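Participant: This one is target-v7.txt, compact mmCIF, C-alpha atoms and all ligand atoms.
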# COMPACT_ATOMS: atom_id res chain seq x y z
CA MET P 1 206.32 259.56 134.48
CA LYS P 2 207.22 256.92 137.03
CA HIS P 3 210.87 256.08 137.35
CA ARG P 4 212.25 252.86 138.67
CA ARG P 5 213.87 253.45 142.03
CA LEU P 6 215.80 251.35 144.45
CA HIS P 7 213.76 250.59 147.50
CA ALA P 8 215.60 252.39 150.25
CA HIS P 9 214.38 252.72 153.80
CA HIS P 10 216.76 255.29 155.19
CA ARG P 11 215.59 257.64 157.86
CA MET P 12 214.64 260.93 156.21
CA ASN P 13 216.15 264.29 157.11
CA ARG P 14 213.87 267.14 158.12
CA ASP P 15 213.81 268.75 154.66
CA ALA P 16 212.87 265.43 153.09
CA GLU P 17 210.01 265.07 155.62
CA ARG P 18 208.73 268.49 154.60
CA LEU P 19 209.09 267.73 150.87
CA VAL P 20 206.98 264.61 151.38
CA TRP P 21 204.34 266.56 153.29
CA LEU P 22 204.16 269.30 150.64
CA ALA P 23 204.07 266.82 147.73
CA ASN P 24 201.21 264.92 149.39
CA GLY P 25 199.42 268.26 149.74
CA LEU P 26 199.96 269.06 146.07
CA ALA P 27 198.70 265.62 145.02
CA ASP P 28 195.45 266.20 146.96
CA SER P 29 194.98 269.80 145.80
CA GLY P 30 191.62 270.61 144.23
CA SER P 31 192.37 273.86 142.43
CA ARG P 32 194.97 275.83 140.52
CA PRO P 33 195.39 278.46 143.29
CA GLU P 34 196.04 275.69 145.80
CA ASP P 35 198.46 274.01 143.36
CA ALA P 36 200.30 277.33 143.06
CA TYR P 37 200.63 277.57 146.84
CA TRP P 38 202.09 274.07 147.23
CA GLU P 39 204.34 274.47 144.19
CA THR P 40 205.81 277.74 145.48
CA GLN P 41 206.59 276.14 148.84
CA LEU P 42 208.10 273.12 147.11
CA ALA P 43 210.14 275.28 144.73
CA GLN P 44 211.84 277.12 147.60
CA LEU P 45 212.75 273.90 149.34
CA ILE P 46 213.89 272.13 146.14
CA LEU P 47 216.14 275.03 145.11
CA GLY P 48 217.52 275.23 148.65
CA GLN P 49 218.42 271.54 148.46
CA MET P 50 220.06 271.98 145.07
CA ARG P 51 222.17 274.87 146.40
CA THR P 52 223.73 272.51 148.95
CA GLY P 53 225.18 270.61 145.99
CA ARG P 54 223.70 267.35 147.25
CA ASP P 55 220.66 265.30 146.23
CA ASP P 56 220.16 263.44 149.55
CA GLY P 57 217.01 265.24 150.71
CA LEU P 58 215.44 265.10 147.26
CA THR P 59 216.11 261.40 146.73
CA GLN P 60 215.01 260.51 150.27
CA ALA P 61 211.67 262.23 149.65
CA LEU P 62 211.28 260.56 146.23
CA ASP P 63 212.09 257.13 147.68
CA ARG P 64 209.50 257.56 150.43
CA LEU P 65 206.78 258.75 148.03
CA TYR P 66 207.56 255.95 145.55
CA GLU P 67 206.51 253.53 148.29
CA THR P 68 203.56 255.48 149.65
CA ASN P 69 201.89 257.78 147.10
CA GLY P 70 202.46 257.36 143.35
CA ARG P 71 200.68 260.56 142.42
CA ALA P 72 202.68 262.68 144.88
CA TYR P 73 205.84 260.95 143.64
CA ASP P 74 205.07 261.99 140.06
CA GLU P 75 204.34 265.58 141.13
CA LEU P 76 207.58 265.87 143.10
CA ALA P 77 209.72 264.19 140.42
CA ASP P 78 208.27 266.55 137.83
CA LEU P 79 208.97 269.64 139.94
CA ILE P 80 212.51 268.55 140.82
CA GLU P 81 213.33 267.97 137.16
CA SER P 82 211.79 271.26 136.09
CA HIS P 83 213.85 273.18 138.68
CA ALA P 84 217.02 271.30 137.73
CA GLU P 85 216.69 272.15 134.02
CA GLY P 86 214.87 275.49 134.07
CA GLY P 87 214.10 278.70 135.96
CA LEU P 88 213.27 282.37 135.81
CA ILE P 89 216.47 284.44 135.91
CA ASP P 90 217.15 288.16 136.13
CA THR P 91 219.12 289.68 133.28
CA PRO P 92 220.01 293.30 132.43
CA ASP P 93 217.20 293.13 129.83
CA GLY P 94 214.66 291.95 132.42
CA PRO P 95 213.52 288.52 133.60
CA ARG P 96 214.05 285.57 131.24
CA GLN P 97 212.76 282.03 131.18
CA ALA P 98 215.93 279.90 131.10
CA LEU P 99 216.04 276.27 130.04
CA LEU P 100 218.74 273.63 129.62
CA ILE P 101 218.30 271.80 126.30
CA GLY P 102 219.54 268.36 125.29
CA VAL P 103 220.40 267.65 121.66
CA PRO P 104 220.58 263.85 121.39
CA VAL P 105 222.22 261.88 118.58
CA LEU P 106 222.06 258.09 118.27
CA ALA P 107 225.22 256.65 116.74
CA TRP P 108 226.81 253.35 115.94
CA SER P 109 230.21 252.43 114.63
CA ARG P 110 232.56 249.50 114.02
CA PHE P 111 235.18 251.75 115.59
CA ASN P 112 234.91 254.28 118.43
CA ILE P 113 232.03 256.68 118.83
CA PRO P 114 233.92 259.86 119.74
CA VAL P 115 233.46 262.36 122.54
CA ARG P 116 235.16 265.66 121.71
CA ASN P 117 235.36 269.42 121.89
CA LEU P 118 233.73 271.50 119.14
CA THR P 119 235.58 274.16 117.17
CA PRO P 120 234.27 277.75 117.51
CA ASP P 121 233.13 277.62 113.85
CA LEU P 122 231.11 274.50 114.48
CA VAL P 123 229.56 275.99 117.63
CA ARG P 124 228.49 279.01 115.60
CA ASP P 125 227.05 276.92 112.75
CA LEU P 126 225.17 274.59 115.11
CA LYS P 127 223.63 277.58 116.89
CA VAL P 128 222.47 279.00 113.56
CA GLN P 129 220.70 275.73 112.68
CA LEU P 130 219.22 275.27 116.17
CA GLY P 131 217.99 278.86 116.10
CA ALA P 132 216.44 278.47 112.64
CA HIS P 133 214.73 275.09 113.04
CA VAL P 134 214.39 274.16 116.72
CA LEU P 135 214.07 277.36 118.76
CA ALA P 136 211.54 280.18 118.57
CA ALA P 137 212.46 283.46 116.90
CA GLY P 138 213.86 285.79 119.55
CA ALA P 139 215.09 283.01 121.83
CA ARG P 140 218.72 283.39 122.81
CA VAL P 141 220.97 280.32 122.72
CA ALA P 142 224.37 279.31 124.09
CA LEU P 143 226.09 275.99 123.47
CA ALA P 144 228.54 273.96 125.54
CA ASP P 145 231.44 273.26 123.17
CA TYR P 146 231.51 269.50 123.72
CA LEU P 147 229.92 266.30 122.41
CA PHE P 148 229.09 264.36 125.60
CA SER P 149 228.64 260.65 126.24
CA PRO P 150 225.98 259.65 128.80
CA ASP P 151 228.78 258.97 131.34
CA GLN P 152 229.86 262.59 131.09
CA LEU P 153 226.54 264.32 131.72
CA PRO P 154 226.07 266.12 135.06
CA ARG P 155 225.29 263.52 137.73
CA GLY P 156 222.18 264.19 139.75
CA TYR P 157 219.76 267.09 140.14
CA ALA P 158 222.01 269.55 141.99
CA ALA P 159 224.84 269.04 139.49
CA THR P 160 222.42 269.49 136.57
CA ARG P 161 221.16 272.77 138.02
CA ALA P 162 224.74 274.02 138.59
CA PHE P 163 225.66 273.14 135.00
CA ALA P 164 222.48 274.80 133.69
CA GLU P 165 223.24 278.01 135.62
CA GLN P 166 226.71 278.23 134.05
CA LEU P 167 225.24 277.83 130.60
CA TRP P 168 222.46 280.39 131.28
CA GLN P 169 225.13 282.83 132.42
CA ALA P 170 227.00 282.28 129.15
CA ALA P 171 223.79 282.82 127.15
CA GLN P 172 223.11 286.08 128.98
CA THR P 173 226.49 287.51 128.07
CA GLY P 174 226.36 286.24 124.47
CA ARG P 175 229.15 283.72 124.96
CA ASP P 176 229.29 279.94 124.80
CA MET P 177 230.55 277.53 127.42
CA GLU P 178 234.05 276.15 127.20
CA VAL P 179 234.16 272.61 128.54
CA ASP P 180 237.41 271.29 130.03
CA ALA P 181 237.49 267.76 128.63
CA GLY P 182 240.14 266.78 131.17
CA ARG P 183 237.62 267.11 133.99
CA LEU P 184 235.01 264.84 132.43
CA ALA P 185 234.49 261.16 133.24
CA GLU P 186 235.81 258.41 130.96
CA SER P 187 233.23 257.07 128.50
CA GLY P 188 232.42 253.40 128.10
CA GLN P 189 232.87 252.14 124.52
CA PHE P 190 229.88 250.53 122.87
CA ILE P 191 229.00 249.67 119.29
CA SER P 192 225.89 251.84 119.58
CA ASP P 193 225.36 254.70 121.99
CA VAL P 194 223.92 258.19 122.35
CA ARG P 195 225.84 261.48 122.25
CA TYR P 196 224.54 264.82 123.49
CA LEU P 197 225.09 268.46 122.81
CA LEU P 198 223.89 270.68 125.66
CA ALA P 199 222.55 274.17 125.09
CA ALA P 200 220.82 276.92 127.05
CA VAL P 201 217.91 278.92 125.73
CA LEU P 202 216.63 282.20 127.19
CA ALA P 203 213.19 283.50 126.24
CA THR P 204 211.03 286.40 127.39
CA PRO P 205 208.49 285.02 129.91
CA GLY P 206 205.29 284.12 128.09
CA ALA P 207 206.99 284.07 124.68
CA PRO P 208 207.50 280.84 122.67
CA VAL P 209 210.63 278.84 123.47
CA PHE P 210 210.64 276.27 120.65
CA ARG P 211 209.94 276.61 116.94
CA TRP P 212 206.88 274.33 117.35
CA ASN P 213 205.35 276.77 119.87
CA GLU P 214 204.89 279.20 116.97
CA ALA P 215 201.66 279.11 114.96
CA ASP P 216 203.32 277.87 111.74
CA GLY P 217 205.64 275.37 113.42
CA SER P 218 205.34 271.68 114.34
CA ARG P 219 207.55 269.09 116.00
CA ASP P 220 207.62 266.94 112.86
CA THR P 221 208.78 269.82 110.65
CA ALA P 222 211.32 270.93 113.26
CA LEU P 223 212.79 267.42 113.42
CA ALA P 224 212.91 266.99 109.64
CA GLN P 225 214.62 270.36 109.16
CA TRP P 226 217.04 269.85 112.03
CA GLN P 227 218.00 266.44 110.60
CA ALA P 228 218.43 267.91 107.11
CA GLN P 229 220.32 271.06 108.11
CA GLY P 230 222.08 269.93 111.29
CA GLY P 231 222.93 266.43 110.01
CA ALA P 232 226.07 267.35 108.09
CA LEU P 233 227.43 269.35 111.05
CA ILE P 234 226.83 266.46 113.46
CA SER P 235 228.31 263.94 111.01
CA SER P 236 231.50 265.97 110.89
CA LEU P 237 231.82 265.35 114.65
CA LEU P 238 231.11 261.63 114.37
CA THR P 239 233.60 260.39 111.79
CA GLY P 240 233.30 256.68 111.06
CA CYS P 241 229.84 256.54 112.62
CA SER P 242 226.30 256.27 111.38
CA ALA P 243 224.28 258.95 113.19
CA GLU P 244 220.58 259.67 113.69
CA LEU P 245 219.56 263.09 115.06
CA LEU P 246 216.63 263.09 117.51
CA LEU P 247 214.45 266.10 118.26
CA PRO P 248 216.23 268.45 120.70
CA ASP P 249 214.10 269.20 123.76
CA ALA P 250 214.23 270.21 127.42
CA TYR P 251 217.06 268.25 129.06
CA PHE P 252 215.11 265.50 130.82
CA ALA P 253 212.63 265.05 127.97
CA ALA P 254 215.52 264.73 125.49
CA TRP P 255 217.20 262.21 127.76
CA ARG P 256 214.06 260.07 128.02
CA ARG P 257 213.53 260.21 124.26
CA ALA P 258 217.11 259.06 123.67
CA ASP P 259 216.66 256.20 126.18
CA ARG P 260 213.48 255.06 124.44
CA GLU P 261 214.66 255.41 120.84
CA GLY P 262 218.09 254.07 121.76
CA ARG P 263 216.64 250.61 122.39
CA PRO P 264 215.47 249.77 118.85
CA HIS P 265 218.47 251.71 117.51
CA SER P 266 220.90 249.41 119.34
CA LEU P 267 219.20 246.34 117.79
CA ARG P 268 219.35 247.78 114.27
CA ALA P 269 222.98 248.76 114.90
CA ALA P 270 223.80 245.20 116.02
CA VAL P 271 222.32 243.78 112.82
CA ALA P 272 224.23 246.26 110.64
CA TYR P 273 227.44 245.64 112.63
CA LEU P 274 227.23 241.86 112.25
CA GLN P 275 226.44 242.12 108.55
CA ALA P 276 229.53 244.28 108.08
CA MET P 277 231.82 242.17 110.31
CA LEU P 278 230.74 238.72 109.10
CA ASP P 279 229.87 239.64 105.55
CA VAL P 280 226.51 237.85 105.76
CA PRO P 281 223.07 239.24 104.93
CA ALA P 282 220.67 239.97 107.82
CA SER P 283 218.64 236.94 106.70
CA GLY P 284 221.63 234.76 107.67
CA LEU P 285 221.43 235.92 111.30
CA ARG P 286 219.47 234.51 114.21
CA ALA P 287 218.50 236.40 117.38
CA ALA P 288 217.41 234.88 120.69
CA VAL P 289 215.36 237.19 122.92
CA ALA P 290 214.85 236.48 126.64
CA PRO P 291 213.62 238.27 129.77
CA SER P 292 216.48 238.44 132.29
CA TYR P 293 215.45 237.99 135.93
CA ASP P 294 217.18 238.58 139.22
CA ARG P 295 214.50 238.62 141.91
CA ARG P 296 212.27 240.41 139.43
CA LEU P 297 212.56 241.27 135.74
CA GLU P 298 215.69 243.40 135.31
CA GLU P 299 215.98 243.79 131.53
CA TRP P 300 215.70 241.88 128.26
CA ARG P 301 218.76 240.35 126.61
CA ILE P 302 219.21 239.57 122.94
CA GLY P 303 221.91 237.18 121.70
CA PHE P 304 222.89 237.34 118.01
CA GLY P 305 224.61 234.66 115.96
CA PRO P 306 224.66 232.98 112.57
CA ARG P 307 221.54 231.01 111.71
CA ASP P 308 223.43 227.76 111.29
CA SER P 309 225.12 227.67 114.71
CA ALA P 310 224.33 227.95 118.43
CA GLU P 311 227.15 230.47 118.91
CA VAL P 312 226.37 233.96 120.20
CA LEU P 313 228.67 236.48 118.51
CA HIS P 314 227.17 239.67 119.90
CA GLY P 315 224.64 240.66 122.53
CA VAL P 316 222.41 243.65 123.21
CA VAL P 317 220.71 244.64 126.47
CA TRP P 318 217.22 246.15 126.22
CA PRO P 319 216.67 248.06 129.51
CA LEU P 320 213.27 248.62 131.10
CA LEU P 321 212.11 252.23 131.15
CA GLY P 322 209.62 254.13 133.28
CA ALA P 323 206.96 251.88 134.79
CA GLU P 324 207.70 248.89 132.51
CA ASP P 325 207.82 245.52 134.26
CA GLU P 326 207.12 241.84 133.61
CA THR P 327 203.55 242.65 132.58
CA THR P 328 204.79 244.70 129.58
CA ASP P 329 204.92 242.62 126.39
CA MET P 330 208.44 243.57 125.35
CA GLY P 331 209.18 240.26 123.61
CA ALA P 332 206.73 241.04 120.80
CA GLU P 333 208.07 244.60 120.40
CA ILE P 334 211.70 243.43 120.29
CA GLY P 335 210.77 240.67 117.82
CA GLN P 336 209.13 243.20 115.51
CA VAL P 337 212.19 245.47 115.50
CA LEU P 338 214.45 242.51 114.68
CA LYS P 339 212.19 241.24 111.90
CA ALA P 340 211.92 244.74 110.42
CA ALA P 341 215.74 244.84 110.43
CA GLY P 342 215.69 241.67 108.30
CA VAL P 343 216.96 239.13 110.87
CA GLY P 344 216.32 235.68 109.37
CA GLU P 345 215.15 233.93 112.53
CA VAL P 346 213.91 235.47 115.78
CA VAL P 347 213.37 233.20 118.80
CA VAL P 348 211.51 234.82 121.70
CA LEU P 349 212.14 232.61 124.73
CA GLU P 350 209.38 232.40 127.30
CA GLN P 351 211.43 231.13 130.23
CA ARG P 352 213.19 233.35 132.76
CA PHE P 353 216.79 233.89 131.74
CA PRO P 354 219.27 234.37 134.62
CA PHE P 355 220.62 237.90 135.28
CA GLU P 356 224.22 236.69 134.93
CA PHE P 357 227.51 238.37 134.07
CA CYS P 358 230.89 236.95 133.05
CA GLU P 359 233.05 236.45 136.13
CA ASP P 360 236.19 237.44 134.22
CA CYS P 361 235.19 240.54 132.27
CA GLY P 362 231.82 241.53 133.76
CA ALA P 363 230.04 241.38 130.39
CA PRO P 364 226.37 240.30 130.50
CA MET P 365 225.71 236.72 129.45
CA PHE P 366 223.25 236.26 126.57
CA PRO P 367 220.77 233.59 125.46
CA ASN P 368 221.23 231.41 122.40
CA ALA P 369 218.27 229.94 120.54
CA GLU P 370 218.17 226.96 122.95
CA GLY P 371 217.93 229.33 125.92
CA GLU P 372 221.46 228.46 127.14
CA VAL P 373 223.60 231.02 128.99
CA VAL P 374 226.36 232.01 126.57
CA HIS P 375 229.29 234.43 126.46
CA ALA P 376 229.15 236.60 123.31
CA GLU P 377 232.41 236.24 121.32
CA MET P 378 233.24 237.49 117.86
CA PRO P 379 235.22 234.96 115.78
CA GLU P 380 238.97 235.52 116.11
CA GLU P 381 239.57 236.09 112.41
CA SER P 382 237.16 239.06 112.44
CA GLU P 383 238.50 242.57 112.86
CA ALA P 384 236.37 243.23 115.92
CA PRO P 385 238.19 245.10 118.68
CA PRO P 386 239.01 242.56 121.42
CA MET P 387 236.46 243.11 124.18
CA HIS P 388 238.42 241.02 126.68
CA LEU P 389 240.92 238.18 126.75
CA HIS P 390 240.15 234.98 128.58
ZN ZN I 1 234.04 237.59 129.77
Can I see the file as structure tokens?

Facilitator:
Amino acid sequence: MKHRRLHAHHRMNRDAERLVWLANGLADSGSRPEDAYWETQLAQLILGQMRTGRDDGLTQALDRLYETNGRAYDELADLIESHAEGGLIDTPDGPRQALLIGVPVLAWSRFNIPVRNLTPDLVRDLKVQLGAHVLAAGARVALADYLFSPDQLPRGYAATRAFAEQLWQAAQTGRDMEVDAGRLAESGQFISDVRYLLAAVLATPGAPVFRWNEADGSRDTALAQWQAQGGALISSLLTGCSAELLLPDAYFAAWRRADREGRPHSLRAAVAYLQAMLDVPASGLRAAVAPSYDRRLEEWRIGFGPRDSAEVLHGVVWPLLGAEDETTDMGAEIGQVLKAAGVGEVVVLEQRFPFEFCEDCGAPMFPNAEGEVVHAEMPEESEAPPMHLH
């Protein structure tokens, strides 16, 4: 589960030094009892760091291990995430395993993809469907009454843990969490994007948490039933949008799934958007796909336009995830998604495309079929919202 990190060489604080030492110990451990020892020591230190409200010590330790010991890095990253999203809490009914859950939805729209508060009725109905199809019988659930954009999620590990604790508290007392929309960040507007509901689940330690932990459950059935039964509720929140519900899961797992599935989704959304805006079939479109390099490969960029012109009307960025780099054959994967979406002509460019942005509006520049650096512009007569004026 390697993440891409910036290569920082700051001096580490004392807690970060100890985190590195413990994570190296865990990586070398030869037995479960030894693992348990290292993990307990790490847990105390990680939770102590999170209580300070800052991520400095945690990120310093991760940065150092990223450079020096990949296995220890993975162990520490895993533990930090698990303590940010979950924990054992005391309740009047005894100890409970508490977990923050992400409920991701991929959406696209010619208009705005909303962020919004949920009505109490909708919160209740969503909890019924989550309880029936996604969570184990006996698990207790609380929902935050808001549909979040990625910009509005808690930033960092300490903030995630603080948010999770509020939601666990609500679950314990049988309430839900009221979110003050005025305190959330502004959301960027994109044609396709992900939206999240956030929930807490409390389960008796050792008992199943998810529906697919039960003997007659499976992830595939849970997803199909959640899509069938939760779909109408989610659609009512996303007026004017086309929405695809992904499998809810532990917060970081849900986030990674949305990142991964969001990439092909944004290509399919671009094709559908251009068909609707230009009134041409997908077969009348051409896409140019290129790897975008700064000092190393940063991302892939896809420029879309009509087949009979070199214009680029719309562009999509395909980010790298996990340990992907220039050795990953993304061009073929992107080409397949575009062809499956019916795009008439797909040109995968071999040369390095510059990692350039428009100096006026900051938008990424995209390739056309000749590999030229082009600013994506919708034709003026179209009803596209103006992205910028220059
Ligand atoms: Zn511009």

Participant: What does the distance from CA of Leu106 (chain P) to CA of Ser242 (chain P) come to in Å, to one decimal?

Facilitator: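 About the pair CA of Leu106 (chain P) and CA of Ser242 (chain P): they are 8.3 Å apart.
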
Participant: Could you state the separation of atom ZN of ligand ZN 1 (chain I) and CA of Cys358 (chain P) in Å, given to one decimal place?

Facilitator: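 Atom-to-atom, atom ZN of ligand ZN 1 (chain I) to CA of Cys358 (chain P), that is 4.6 Å.
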
Participant: Return as a PyMOL selection string the residues of protein, DNA or RNA that approach ligand ZN 1 (chain I) to within 6 Å, with only C-alpha atoms and all ligand atoms taken into account.

Facilitator: chain P and resi 358+360-361+363

Participant: Selection from above, C-alpha atoms, as a compact mmCIF listing (two decimals), keeping the file's coordinate frame, can you write it?

Facilitator:
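Printed below is result_6.txt as written:
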# COMPACT_ATOMS: atom_id res chain seq x y z
CA CYS P 358 230.89 236.95 133.05
CA ASP P 360 236.19 237.44 134.22
CA CYS P 361 235.19 240.54 132.27
CA ALA P 363 230.04 241.38 130.39

Participant: Smallest atom-to-atom distance to Pro104 (chain P): which of P:Val141, P:Leu223, P:Ala164, P:Ala288, using all atoms listed in the file?

Facilitator: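 Distance minimum relative to Pro104 (chain P) lands on P:Leu223.
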
Participant: Restricting the calculation to all atoms listed in the file: of P:Ala107, P:Leu135, P:Ala290, P:Leu122, which residue gets closest to Val194 (chain P)?

Facilitator: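 Distance minimum relative to Val194 (chain P) lands on P:Ala107.
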
Participant: Using Å and a single decimal, report how far CA of Ala287 (chain P) sits from CA of Glu377 (chain P).

Facilitator: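 Separation between CA of Glu377 (chain P) and CA of Ala287 (chain P): 14.5 Å.
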
Participant: Rank P:Val347, P:Ala84, P:Val105, P:Ala207 by their smallest atom-to-atom distance to Arg257 (chain P), using only C-alpha atoms, and report the top residue only.

Facilitator: P:Val105

Participant: For Pro114 (chain P), which of P:Arg51, P:Arg195, P:Arg32, P:His133 is the closest residue, counting all atoms listed in the file?

Facilitator: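 Of all the options, P:Arg195 lies closest to Pro114 (chain P).
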
Participant: Can you pull out the residues contacting Asp180 (chain P)? Cut-off 12 Å, using all atoms listed in the file, and skip same-chain residues under 4 positions away; I want them as JSON, numbers by chain.

Facilitator: {"P": [116, 117, 118, 144, 145, 146, 147, 148, 152, 184, 185]}

Participant: Those selected residues, please, written with C-alpha atoms and delivered as a PDB file, in the frame of the given file.

Facilitator:
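File written: part04.pdb
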ATOM      1  CA  ARG P 116     235.160 265.660 121.710  1.00  0.00           C
ATOM      2  CA  ASN P 117     235.360 269.420 121.890  1.00  0.00           C
ATOM      3  CA  LEU P 118     233.730 271.500 119.140  1.00  0.00           C
ATOM      4  CA  ALA P 144     228.540 273.960 125.540  1.00  0.00           C
ATOM      5  CA  ASP P 145     231.440 273.260 123.170  1.00  0.00           C
ATOM      6  CA  TYR P 146     231.510 269.500 123.720  1.00  0.00           C
ATOM      7  CA  LEU P 147     229.920 266.300 122.410  1.00  0.00           C
ATOM      8  CA  PHE P 148     229.090 264.360 125.600  1.00  0.00           C
ATOM      9  CA  GLN P 152     229.860 262.590 131.090  1.00  0.00           C
ATOM     10  CA  LEU P 184     235.010 264.840 132.430  1.00  0.00           C
ATOM     11  CA  ALA P 185     234.490 261.160 133.240  1.00  0.00           C
TER      12      ALA P 185
END

Participant: Return the single residue from P:Met330, P:Ile80, P:Ala43, P:Leu198 that is closest to Ala61 (chain P), with distances computed using only C-alpha atoms.

Facilitator: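 The closest residue to Ala61 (chain P) is P:Ile80.
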
Participant: Closest to His265 (chain P) among P:Glu370, P:Asp329, P:Glu244, P:Asp279, using all atoms listed in the file?

Facilitator: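 Nearest candidate to His265 (chain P) out of P:Glu370, P:Asp329, P:Glu244, P:Asp279: P:Glu244.
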
Participant: Quick one: residues within 7 Å of region 294-301 of chain P, only C-alpha atoms, excluding same-chain residues fewer than 4 positions away - as a PyMOL selection string?

Facilitator: chain P and resi 289-290+316-320+325-326+354-355+366

Participant: Could you list, as a ChimeraX atom specification, every residue within 6 Å of region 225-227 of chain P, counting only C-alpha atoms and ignoring same-chain residues fewer than 3 positions away?

Facilitator: /P:133,222,230-231,245

Participant: List every protein, DNA or RNA residue with an atom no more than 12 Å from (236.3, 259.9, 109.2) in the file's coordinates, counting only C-alpha atoms, and format the result as a ChimeraX atom specification.

Facilitator: /P:109,111-114,235-242

Participant: Regenerate region 219-235 of chain P at the level of N, CA and C atoms and dump it as a JSON list (two decimals), keeping the file's coordinate frame.

Facilitator:
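Result went into result_3.json, see below:
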[["chain", "number", "residue", "atom", "x", "y", "z"],
["P", 219, "ARG", "N", 206.42, 269.92, 115.61],
["P", 219, "ARG", "CA", 207.55, 269.09, 116.00],
["P", 219, "ARG", "C", 208.11, 268.30, 114.82],
["P", 220, "ASP", "N", 207.19, 267.76, 113.99],
["P", 220, "ASP", "CA", 207.62, 266.94, 112.86],
["P", 220, "ASP", "C", 208.47, 267.75, 111.88],
["P", 221, "THR", "N", 208.01, 268.98, 111.58],
["P", 221, "THR", "CA", 208.78, 269.82, 110.65],
["P", 221, "THR", "C", 210.11, 270.19, 111.29],
["P", 222, "ALA", "N", 210.08, 270.54, 112.58],
["P", 222, "ALA", "CA", 211.32, 270.93, 113.26],
["P", 222, "ALA", "C", 212.33, 269.79, 113.19],
["P", 223, "LEU", "N", 211.87, 268.56, 113.45],
["P", 223, "LEU", "CA", 212.79, 267.42, 113.42],
["P", 223, "LEU", "C", 213.34, 267.21, 112.02],
["P", 224, "ALA", "N", 212.46, 267.23, 111.02],
["P", 224, "ALA", "CA", 212.91, 266.99, 109.64],
["P", 224, "ALA", "C", 213.94, 268.04, 109.22],
["P", 225, "GLN", "N", 213.69, 269.31, 109.58],
["P", 225, "GLN", "CA", 214.62, 270.36, 109.16],
["P", 225, "GLN", "C", 215.92, 270.31, 109.95],
["P", 226, "TRP", "N", 215.83, 269.98, 111.22],
["P", 226, "TRP", "CA", 217.04, 269.85, 112.03],
["P", 226, "TRP", "C", 217.90, 268.70, 111.49],
["P", 227, "GLN", "N", 217.24, 267.58, 111.14],
["P", 227, "GLN", "CA", 218.00, 266.44, 110.60],
["P", 227, "GLN", "C", 218.65, 266.82, 109.26],
["P", 228, "ALA", "N", 217.90, 267.55, 108.43],
["P", 228, "ALA", "CA", 218.43, 267.91, 107.11],
["P", 228, "ALA", "C", 219.55, 268.93, 107.22],
["P", 229, "GLN", "N", 219.36, 269.95, 108.07],
["P", 229, "GLN", "CA", 220.32, 271.06, 108.11],
["P", 229, "GLN", "C", 221.41, 270.86, 109.17],
["P", 230, "GLY", "N", 221.08, 270.15, 110.25],
["P", 230, "GLY", "CA", 222.08, 269.93, 111.29],
["P", 230, "GLY", "C", 222.88, 268.65, 111.05],
["P", 231, "GLY", "N", 222.34, 267.76, 110.19],
["P", 231, "GLY", "CA", 222.93, 266.43, 110.01],
["P", 231, "GLY", "C", 224.39, 266.46, 109.58],
["P", 232, "ALA", "N", 224.70, 267.32, 108.61],
["P", 232, "ALA", "CA", 226.07, 267.35, 108.09],
["P", 232, "ALA", "C", 227.03, 267.84, 109.18],
["P", 233, "LEU", "N", 226.59, 268.81, 109.98],
["P", 233, "LEU", "CA", 227.43, 269.35, 111.05],
["P", 233, "LEU", "C", 227.71, 268.26, 112.09],
["P", 234, "ILE", "N", 226.67, 267.52, 112.47],
["P", 234, "ILE", "CA", 226.83, 266.46, 113.46],
["P", 234, "ILE", "C", 227.71, 265.34, 112.90],
["P", 235, "SER", "N", 227.50, 265.01, 111.62],
["P", 235, "SER", "CA", 228.31, 263.94, 111.01],
["P", 235, "SER", "C", 229.79, 264.29, 111.02]]
